[in-house]
Amino acid sequence: MLIFQLAIILLASKIAGDLSVKLGQPSVLGKLLIGIVLGPTVLGLVTNTDILTEISQIGVILLMFIAGLETDVEEFKHTGKPSAFVGVAGIIVPLVAGFLAGQVMGLPTIQAVFLGLLLSATSVSISVQALKEMGQLKSRAGATILGAAVIDDVLVIIALAFVMSFAGGDVNLGIVVLKKVVFFAGAILVAWKVVPWVLKKFAPLRVTEAVISAALIICFAYAYLAEYAGVAAIIGAYIAGVAISVTKYKHEVFEKVETIGYSIFVPVFFTSIGVTAEFTGIAGNLGLIAVLSILAILTKLVGSALGAKFAGFAWRPSLGIGAAMVSRGEVALIIAAMGLDAGLLSKEMFAVLIVVVLVTTLVTPPMMKWFFKEPRTSPSMEK
């Protein structure tokens, strides 16, 4: 069954991605939409099994690892201020708006705060692919988006720990913060001293693709330790990519990991987002879904764009940066699941928010396309 599902996903995602490009949109939009068609909602050819979820997780980790490999470190060094502005403003605006929306809906204060926090989350895995297709990943705007995503993830997780402690969860805020500080300090130290040494030691081994294996070991180790520290695994994978990008093995690793990732794992990730969409039982909440979706899109777009504008970007690239931060993706899904377990979300609200997260993910690529105004079409778009 898995083999059949993989064959269907790869065939459909490549065709849908190509059609999307022909229609003037990033290929990732077609891959997301075809997932909905293949999933239980429409055709039912692909189901969300545990093993498919694991393959999807590897896909997003490799996607962010590749983004790290492509990062211009010199450009990245100069985007600390704009990244901070975008990250912080992109949290404050949806947090406040989400809290007020929760109050209007009659939610208890703690649940209203949690709703605002959930709307503050960002996952740039979808945006990374759109940036790659538009040739913007190595630009100042691309570096700002990736830096802001790291800041957003850390601040939201710390704020989440704070809220969960008030909700009766067994959460120690000091430990949460300490684990993140230790992770980032350790990650930077290892990237500086250990990563080049590991690659150098693996290079002469008389086995096939020793350097690529070493790079993947580093990538998966960083992703695991990031998740263990309460930071998203994709952030760890991204840092691992950046660490290798400054070594002489960068191009060899990039070319072969890109082949591995885009041949199977990354398409499964994009398609699985649509496959996991559940539309059953939400017919009575379409109005609420529409309102929360609009709120989620506008607050992140406006908040992050204002942050970019204050940092010195012109209005159009500021809005492009804001658009890239709109997708809530897997980060918001994890937070929603935590809220459901802690009693901060009802099952009905959980189902509503899952659809809202999907909507934000679907609108992100075309919004980015509009604001960044892709300068050219290239074969790399059809990956």
# chains A, B, ... in the order shown; residues from 1 in each chain; ligands from 1
$ select_by_dssp --residues "region 49-123 of chain A" --states "helix (DSSP H, G or I)" --output "JSON, numbers by chain"
{"A": [50, 51, 52, 53, 54, 55, 56, 57, 58, 59, 60, 61, 62, 63, 64, 65, 66, 67, 68, 69, 70, 73, 74, 75, 76, 77, 80, 81, 82, 83, 84, 85, 86, 87, 88, 89, 90, 91, 92, 93, 94, 95, 96, 97, 98, 99, 100, 101, 102, 103, 104, 109, 110, 111, 112, 113, 114, 115, 116, 117, 118, 119, 120]}
$ residues_around --residues "Val37 (chain A)" --least-positions-apart "5" --cutoff "12 Å" --atoms "only C-alpha atoms" --output "JSON list (two decimals) with all heavy atoms, in the first residue's frame"
[["chain", "number", "residue", "atom", "x", "y", "z"],
["A", 8, "ILE", "N", 1.76, 7.22, -6.52],
["A", 8, "ILE", "CA", 0.68, 8.17, -6.82],
["A", 8, "ILE", "C", 1.09, 9.59, -6.44],
["A", 8, "ILE", "O", 0.89, 10.55, -7.20],
["A", 8, "ILE", "CB", -0.61, 7.78, -6.07],
["A", 8, "ILE", "CG1", -1.19, 6.48, -6.63],
["A", 8, "ILE", "CG2", -1.64, 8.90, -6.13],
["A", 8, "ILE", "CD1", -1.72, 6.62, -8.04],
["A", 9, "ILE", "N", 1.67, 9.75, -5.24],
["A", 9, "ILE", "CA", 2.07, 11.08, -4.76],
["A", 9, "ILE", "C", 3.11, 11.70, -5.67],
["A", 9, "ILE", "O", 3.00, 12.88, -6.06],
["A", 9, "ILE", "CB", 2.61, 10.99, -3.31],
["A", 9, "ILE", "CG1", 1.46, 10.74, -2.33],
["A", 9, "ILE", "CG2", 3.35, 12.27, -2.93],
["A", 9, "ILE", "CD1", 1.93, 10.45, -0.91],
["A", 12, "ALA", "N", 1.51, 12.53, -9.19],
["A", 12, "ALA", "CA", 0.54, 13.63, -9.12],
["A", 12, "ALA", "C", 1.20, 14.95, -8.73],
["A", 12, "ALA", "O", 0.85, 16.01, -9.28],
["A", 12, "ALA", "CB", -0.56, 13.28, -8.11],
["A", 13, "SER", "N", 2.15, 14.93, -7.79],
["A", 13, "SER", "CA", 2.77, 16.18, -7.33],
["A", 13, "SER", "C", 3.60, 16.83, -8.42],
["A", 13, "SER", "O", 3.61, 18.06, -8.55],
["A", 13, "SER", "CB", 3.62, 15.93, -6.08],
["A", 13, "SER", "OG", 4.75, 15.15, -6.38],
["A", 16, "ALA", "N", 1.03, 18.23, -11.02],
["A", 16, "ALA", "CA", 0.33, 19.38, -10.44],
["A", 16, "ALA", "C", 1.27, 20.57, -10.29],
["A", 16, "ALA", "O", 0.87, 21.72, -10.53],
["A", 16, "ALA", "CB", -0.26, 19.00, -9.07],
["A", 30, "GLY", "N", 0.42, 23.91, -6.42],
["A", 30, "GLY", "CA", -0.19, 22.74, -7.06],
["A", 30, "GLY", "C", 0.01, 21.48, -6.25],
["A", 30, "GLY", "O", -0.90, 20.64, -6.15],
["A", 31, "LYS", "N", 1.18, 21.35, -5.62],
["A", 31, "LYS", "CA", 1.47, 20.17, -4.81],
["A", 31, "LYS", "C", 0.60, 20.13, -3.55],
["A", 31, "LYS", "O", 0.17, 19.05, -3.12],
["A", 31, "LYS", "CB", 2.95, 20.15, -4.44],
["A", 31, "LYS", "CG", 3.87, 19.98, -5.64],
["A", 31, "LYS", "CD", 5.32, 20.18, -5.27],
["A", 31, "LYS", "CE", 6.22, 20.13, -6.49],
["A", 31, "LYS", "NZ", 7.64, 20.41, -6.18],
["A", 32, "LEU", "N", 0.34, 21.28, -2.97],
["A", 32, "LEU", "CA", -0.53, 21.34, -1.80],
["A", 32, "LEU", "C", -1.97, 20.98, -2.18],
["A", 32, "LEU", "O", -2.64, 20.21, -1.48],
["A", 32, "LEU", "CB", -0.50, 22.75, -1.19],
["A", 32, "LEU", "CG", 0.81, 23.20, -0.55],
["A", 32, "LEU", "CD1", 0.74, 24.69, -0.23],
["A", 32, "LEU", "CD2", 1.10, 22.41, 0.71],
["A", 42, "VAL", "N", -11.44, 13.91, -1.11],
["A", 42, "VAL", "CA", -11.92, 13.81, -2.50],
["A", 42, "VAL", "C", -11.81, 12.37, -3.02],
["A", 42, "VAL", "O", -12.78, 11.63, -3.02],
["A", 42, "VAL", "CB", -11.16, 14.79, -3.43],
["A", 42, "VAL", "CG1", -11.73, 14.73, -4.86],
["A", 42, "VAL", "CG2", -11.25, 16.22, -2.90],
["A", 43, "LEU", "N", -10.63, 11.97, -3.47],
["A", 43, "LEU", "CA", -10.49, 10.65, -4.11],
["A", 43, "LEU", "C", -10.22, 9.52, -3.14],
["A", 43, "LEU", "O", -10.54, 8.36, -3.43],
["A", 43, "LEU", "CB", -9.37, 10.71, -5.16],
["A", 43, "LEU", "CG", -9.57, 11.67, -6.33],
["A", 43, "LEU", "CD1", -8.35, 11.63, -7.26],
["A", 43, "LEU", "CD2", -10.83, 11.32, -7.10],
["A", 44, "GLY", "N", -9.57, 9.80, -2.03],
["A", 44, "GLY", "CA", -9.26, 8.76, -1.06],
["A", 44, "GLY", "C", -8.19, 7.78, -1.50],
["A", 44, "GLY", "O", -8.11, 6.66, -0.99],
["A", 45, "LEU", "N", -7.33, 8.20, -2.44],
["A", 45, "LEU", "CA", -6.26, 7.32, -2.92],
["A", 45, "LEU", "C", -5.10, 7.23, -1.94],
["A", 45, "LEU", "O", -4.36, 6.24, -1.94],
["A", 45, "LEU", "CB", -5.74, 7.81, -4.29],
["A", 45, "LEU", "CG", -6.72, 7.72, -5.46],
["A", 45, "LEU", "CD1", -6.12, 8.36, -6.70],
["A", 45, "LEU", "CD2", -7.07, 6.26, -5.74],
["A", 46, "VAL", "N", -4.93, 8.28, -1.14],
["A", 46, "VAL", "CA", -3.82, 8.33, -0.18],
["A", 46, "VAL", "C", -4.39, 8.62, 1.20],
["A", 46, "VAL", "O", -5.22, 9.51, 1.37],
["A", 46, "VAL", "CB", -2.80, 9.42, -0.56],
["A", 46, "VAL", "CG1", -1.66, 9.46, 0.45],
["A", 46, "VAL", "CG2", -2.24, 9.18, -1.96],
["A", 47, "THR", "N", -3.96, 7.86, 2.18],
["A", 47, "THR", "CA", -4.39, 8.08, 3.56],
["A", 47, "THR", "C", -3.19, 8.49, 4.41],
["A", 47, "THR", "O", -2.05, 8.14, 4.10],
["A", 47, "THR", "CB", -5.03, 6.82, 4.16],
["A", 47, "THR", "OG1", -4.12, 5.72, 4.01],
["A", 47, "THR", "CG2", -6.34, 6.49, 3.46],
["A", 271, "THR", "N", 2.64, 17.27, -0.45],
["A", 271, "THR", "CA", 1.37, 16.61, -0.74],
["A", 271, "THR", "C", 0.66, 16.16, 0.53],
["A", 271, "THR", "O", -0.57, 16.23, 0.64],
["A", 271, "THR", "CB", 1.60, 15.40, -1.66],
["A", 271, "THR", "OG1", 2.36, 15.82, -2.80],
["A", 271, "THR", "CG2", 0.28, 14.82, -2.14],
["A", 272, "SER", "N", 1.43, 15.74, 1.54],
["A", 272, "SER", "CA", 0.83, 15.22, 2.76],
["A", 272, "SER", "C", 0.07, 16.30, 3.54],
["A", 272, "SER", "O", -0.85, 15.99, 4.29],
["A", 272, "SER", "CB", 1.90, 14.60, 3.67],
["A", 272, "SER", "OG", 2.75, 15.60, 4.21],
["A", 273, "ILE", "N", 0.45, 17.56, 3.34],
["A", 273, "ILE", "CA", -0.27, 18.65, 4.00],
["A", 273, "ILE", "C", -1.73, 18.65, 3.56],
["A", 273, "ILE", "O", -2.66, 18.78, 4.36],
["A", 273, "ILE", "CB", 0.39, 20.02, 3.71],
["A", 273, "ILE", "CG1", 1.77, 20.07, 4.36],
["A", 273, "ILE", "CG2", -0.48, 21.17, 4.23],
["A", 273, "ILE", "CD1", 2.56, 21.31, 4.01],
["A", 274, "GLY", "N", -1.93, 18.48, 2.24],
["A", 274, "GLY", "CA", -3.30, 18.41, 1.73],
["A", 274, "GLY", "C", -4.00, 17.13, 2.13],
["A", 274, "GLY", "O", -5.19, 17.13, 2.43],
["A", 275, "VAL", "N", -3.23, 16.03, 2.16],
["A", 275, "VAL", "CA", -3.81, 14.72, 2.51],
["A", 275, "VAL", "C", -4.37, 14.73, 3.93],
["A", 275, "VAL", "O", -5.41, 14.13, 4.22],
["A", 275, "VAL", "CB", -2.75, 13.61, 2.36],
["A", 275, "VAL", "CG1", -3.25, 12.29, 2.95],
["A", 275, "VAL", "CG2", -2.40, 13.41, 0.89],
["A", 276, "THR", "N", -3.67, 15.41, 4.84],
["A", 276, "THR", "CA", -4.09, 15.41, 6.25],
["A", 276, "THR", "C", -5.29, 16.32, 6.52],
["A", 276, "THR", "O", -5.84, 16.30, 7.62],
["A", 276, "THR", "CB", -2.94, 15.88, 7.16],
["A", 276, "THR", "OG1", -2.48, 17.17, 6.74],
["A", 276, "THR", "CG2", -1.77, 14.91, 7.11],
["A", 277, "ALA", "N", -5.69, 17.10, 5.52],
["A", 277, "ALA", "CA", -6.82, 18.02, 5.72],
["A", 277, "ALA", "C", -8.11, 17.25, 6.00],
["A", 277, "ALA", "O", -8.44, 16.30, 5.29],
["A", 277, "ALA", "CB", -7.00, 18.89, 4.49],
["A", 278, "GLU", "N", -8.79, 17.63, 7.04],
["A", 278, "GLU", "CA", -10.07, 17.01, 7.41],
["A", 278, "GLU", "C", -11.18, 18.06, 7.33],
["A", 278, "GLU", "O", -11.15, 19.06, 8.04],
["A", 278, "GLU", "CB", -9.99, 16.46, 8.84],
["A", 278, "GLU", "CG", -9.14, 15.19, 8.97],
["A", 278, "GLU", "CD", -9.82, 13.96, 8.41],
["A", 278, "GLU", "OE1", -11.05, 14.03, 8.16],
["A", 278, "GLU", "OE2", -9.14, 12.96, 8.19]]
$ closest_residue --among "A:Gly320, A:Gly106, A:Gly339, A:Pro267" --to "Pro365 (chain A)" --atoms "only C-alpha atoms"
A:Gly320
$ closest_atom_pairs --of "region 69-89 of chain A" --to "region 120-138 of chain A" --cutoff "8 Å" --atoms "only C-alpha atoms" --output "Markdown table"
| residue | atom | partner | partner_atom | distance |
| --- | --- | --- | --- | --- |
| A:Glu70 | CA | A:Lys138 | CA | 6.8 |
| A:Thr71 | CA | A:Lys138 | CA | 5.7 |
| A:Asp72 | CA | A:Lys138 | CA | 5.7 |
| A:Glu75 | CA | A:Lys138 | CA | 7.8 |
$ residues_around --residues "region 55-59 of chain A" --least-positions-apart "4" --cutoff "12 Å" --atoms "only C-alpha atoms" --output "VMD selection string"
chain A and resid 2 5 to 6 9 48 to 51 63 to 66 125 to 126 129 216 219 to 220 223 to 224 232 to 234 237 257 to 276 330
$ write_last_selection --atoms "N, CA and C atoms" --output "CSV table (one decimal), in the first residue's frame"
chain,number,residue,atom,x,y,z
A,2,LEU,N,1.9,1.3,0.8
A,2,LEU,CA,2.8,2.4,0.9
A,2,LEU,C,3.5,2.7,-0.5
A,5,GLN,N,1.0,4.3,-2.8
A,5,GLN,CA,0.8,5.7,-2.4
A,5,GLN,C,1.9,6.6,-2.8
A,6,LEU,N,3.2,6.1,-2.6
A,6,LEU,CA,4.3,6.9,-3.0
A,6,LEU,C,4.3,7.1,-4.5
A,9,ILE,N,1.7,9.7,-5.2
A,9,ILE,CA,2.1,11.1,-4.8
A,9,ILE,C,3.1,11.7,-5.7
A,48,ASN,N,-3.5,9.2,5.5
A,48,ASN,CA,-2.4,9.7,6.3
A,48,ASN,C,-1.9,8.7,7.3
A,49,THR,N,-1.1,7.8,6.9
A,49,THR,CA,-0.5,6.7,7.7
A,49,THR,C,0.7,7.2,8.5
A,50,ASP,N,1.0,6.5,9.6
A,50,ASP,CA,2.2,6.9,10.4
A,50,ASP,C,3.5,6.9,9.6
A,51,ILE,N,3.7,6.0,8.7
A,51,ILE,CA,4.9,5.9,8.0
A,51,ILE,C,5.0,7.0,6.9
A,63,LEU,N,14.2,19.8,3.4
A,63,LEU,CA,13.9,21.1,2.7
A,63,LEU,C,14.6,22.3,3.4
A,64,MET,N,14.5,22.3,4.8
A,64,MET,CA,15.1,23.4,5.5
A,64,MET,C,16.6,23.2,5.6
A,65,PHE,N,17.1,22.0,5.5
A,65,PHE,CA,18.6,21.8,5.5
A,65,PHE,C,19.1,22.3,4.2
A,66,ILE,N,18.4,22.1,3.1
A,66,ILE,CA,18.8,22.6,1.8
A,66,ILE,C,18.8,24.1,1.8
A,125,SER,N,8.5,26.7,6.0
A,125,SER,CA,8.9,25.6,5.1
A,125,SER,C,8.3,25.7,3.7
A,126,ILE,N,7.0,26.2,3.7
A,126,ILE,CA,6.4,26.4,2.4
A,126,ILE,C,7.0,27.6,1.7
A,129,GLN,N,10.3,27.1,-0.2
A,129,GLN,CA,10.2,26.6,-1.6
A,129,GLN,C,9.8,27.7,-2.5
A,216,LEU,N,24.2,14.3,6.4
A,216,LEU,CA,22.8,13.9,6.8
A,216,LEU,C,22.8,13.5,8.3
A,219,CYS,N,22.7,16.8,10.0
A,219,CYS,CA,21.3,17.4,9.8
A,219,CYS,C,20.3,16.8,10.7
A,220,PHE,N,20.3,15.4,10.8
A,220,PHE,CA,19.3,14.8,11.6
A,220,PHE,C,19.6,14.9,13.1
A,223,ALA,N,18.4,18.4,14.0
A,223,ALA,CA,16.9,18.4,14.0
A,223,ALA,C,16.4,17.7,15.3
A,224,TYR,N,17.0,16.6,15.7
A,224,TYR,CA,16.5,15.9,16.9
A,224,TYR,C,16.8,16.7,18.1
A,232,ALA,N,11.6,23.9,17.1
A,232,ALA,CA,11.2,23.1,15.9
A,232,ALA,C,12.3,22.4,15.3
A,233,ALA,N,12.1,21.1,14.9
A,233,ALA,CA,13.2,20.4,14.2
A,233,ALA,C,13.7,21.1,13.0
A,234,ILE,N,12.8,21.8,12.3
A,234,ILE,CA,13.2,22.4,11.0
A,234,ILE,C,14.2,23.5,11.3
A,237,ALA,N,17.5,21.7,11.6
A,237,ALA,CA,18.0,21.3,10.3
A,237,ALA,C,18.6,22.5,9.5
A,257,VAL,N,22.1,16.2,-1.8
A,257,VAL,CA,21.0,16.2,-0.9
A,257,VAL,C,19.8,16.8,-1.6
A,258,GLU,N,19.9,17.7,-2.4
A,258,GLU,CA,18.8,18.3,-3.2
A,258,GLU,C,18.2,17.2,-4.1
A,259,THR,N,19.0,16.3,-4.7
A,259,THR,CA,18.6,15.2,-5.5
A,259,THR,C,17.8,14.2,-4.6
A,260,ILE,N,18.3,13.9,-3.5
A,260,ILE,CA,17.7,13.0,-2.5
A,260,ILE,C,16.3,13.5,-2.1
A,261,GLY,N,16.4,14.8,-1.7
A,261,GLY,CA,15.2,15.4,-1.1
A,261,GLY,C,14.0,15.6,-2.1
A,262,TYR,N,14.4,16.2,-3.3
A,262,TYR,CA,13.3,16.5,-4.2
A,262,TYR,C,12.9,15.3,-5.1
A,263,SER,N,13.6,14.2,-5.0
A,263,SER,CA,13.1,13.0,-5.8
A,263,SER,C,12.0,12.3,-5.0
A,264,ILE,N,12.0,12.4,-3.7
A,264,ILE,CA,10.9,11.6,-3.0
A,264,ILE,C,10.4,12.3,-1.7
A,265,PHE,N,11.3,12.7,-0.8
A,265,PHE,CA,10.9,13.2,0.5
A,265,PHE,C,10.1,14.5,0.5
A,266,VAL,N,10.7,15.5,-0.2
A,266,VAL,CA,10.0,16.8,-0.2
A,266,VAL,C,8.6,16.8,-0.9
A,267,PRO,N,8.5,16.1,-2.1
A,267,PRO,CA,7.1,16.0,-2.7
A,267,PRO,C,6.1,15.4,-1.7
A,268,VAL,N,6.6,14.4,-1.0
A,268,VAL,CA,5.7,13.7,0.0
A,268,VAL,C,5.3,14.7,1.1
A,269,PHE,N,6.2,15.5,1.5
A,269,PHE,CA,5.9,16.5,2.5
A,269,PHE,C,4.8,17.5,2.1
A,270,PHE,N,5.0,18.1,0.9
A,270,PHE,CA,4.0,19.1,0.4
A,270,PHE,C,2.7,18.4,0.2
A,271,THR,N,2.6,17.3,-0.4
A,271,THR,CA,1.4,16.6,-0.7
A,271,THR,C,0.7,16.2,0.5
A,272,SER,N,1.4,15.7,1.5
A,272,SER,CA,0.8,15.2,2.8
A,272,SER,C,0.1,16.3,3.5
A,273,ILE,N,0.4,17.6,3.3
A,273,ILE,CA,-0.3,18.7,4.0
A,273,ILE,C,-1.7,18.6,3.6
A,274,GLY,N,-1.9,18.5,2.2
A,274,GLY,CA,-3.3,18.4,1.7
A,274,GLY,C,-4.0,17.1,2.1
A,275,VAL,N,-3.2,16.0,2.2
A,275,VAL,CA,-3.8,14.7,2.5
A,275,VAL,C,-4.4,14.7,3.9
A,276,THR,N,-3.7,15.4,4.8
A,276,THR,CA,-4.1,15.4,6.3
A,276,THR,C,-5.3,16.3,6.5
A,330,GLU,N,3.2,23.3,10.1
A,330,GLU,CA,3.2,22.2,11.1
A,330,GLU,C,3.5,22.8,12.6
$ closest_residue --among "A:Leu62, A:Met164, A:Val28, A:Ala323" --to "Leu340 (chain A)" --atoms "only C-alpha atoms"
A:Met164
$ closest_residue --among "A:Ala336, A:Ile294, A:Ala214, A:Leu344" --to "Thr360 (chain A)" --atoms "only C-alpha atoms"
A:Ile294
$ atom_distance --atom1 "CA of Val182 (chain A)" --atom2 "CA of Val154 (chain A)"
12.7 Å
$ residues_around --residues "Gly230 (chain A)" --least-positions-apart "6" --cutoff "8 Å" --atoms "only C-alpha atoms" --output "ChimeraX atom specification"
/A:157,176,179-180
$ atom_distance --atom1 "CA of Val21 (chain A)" --atom2 "CA of Phe4 (chain A)"
26.0 Å
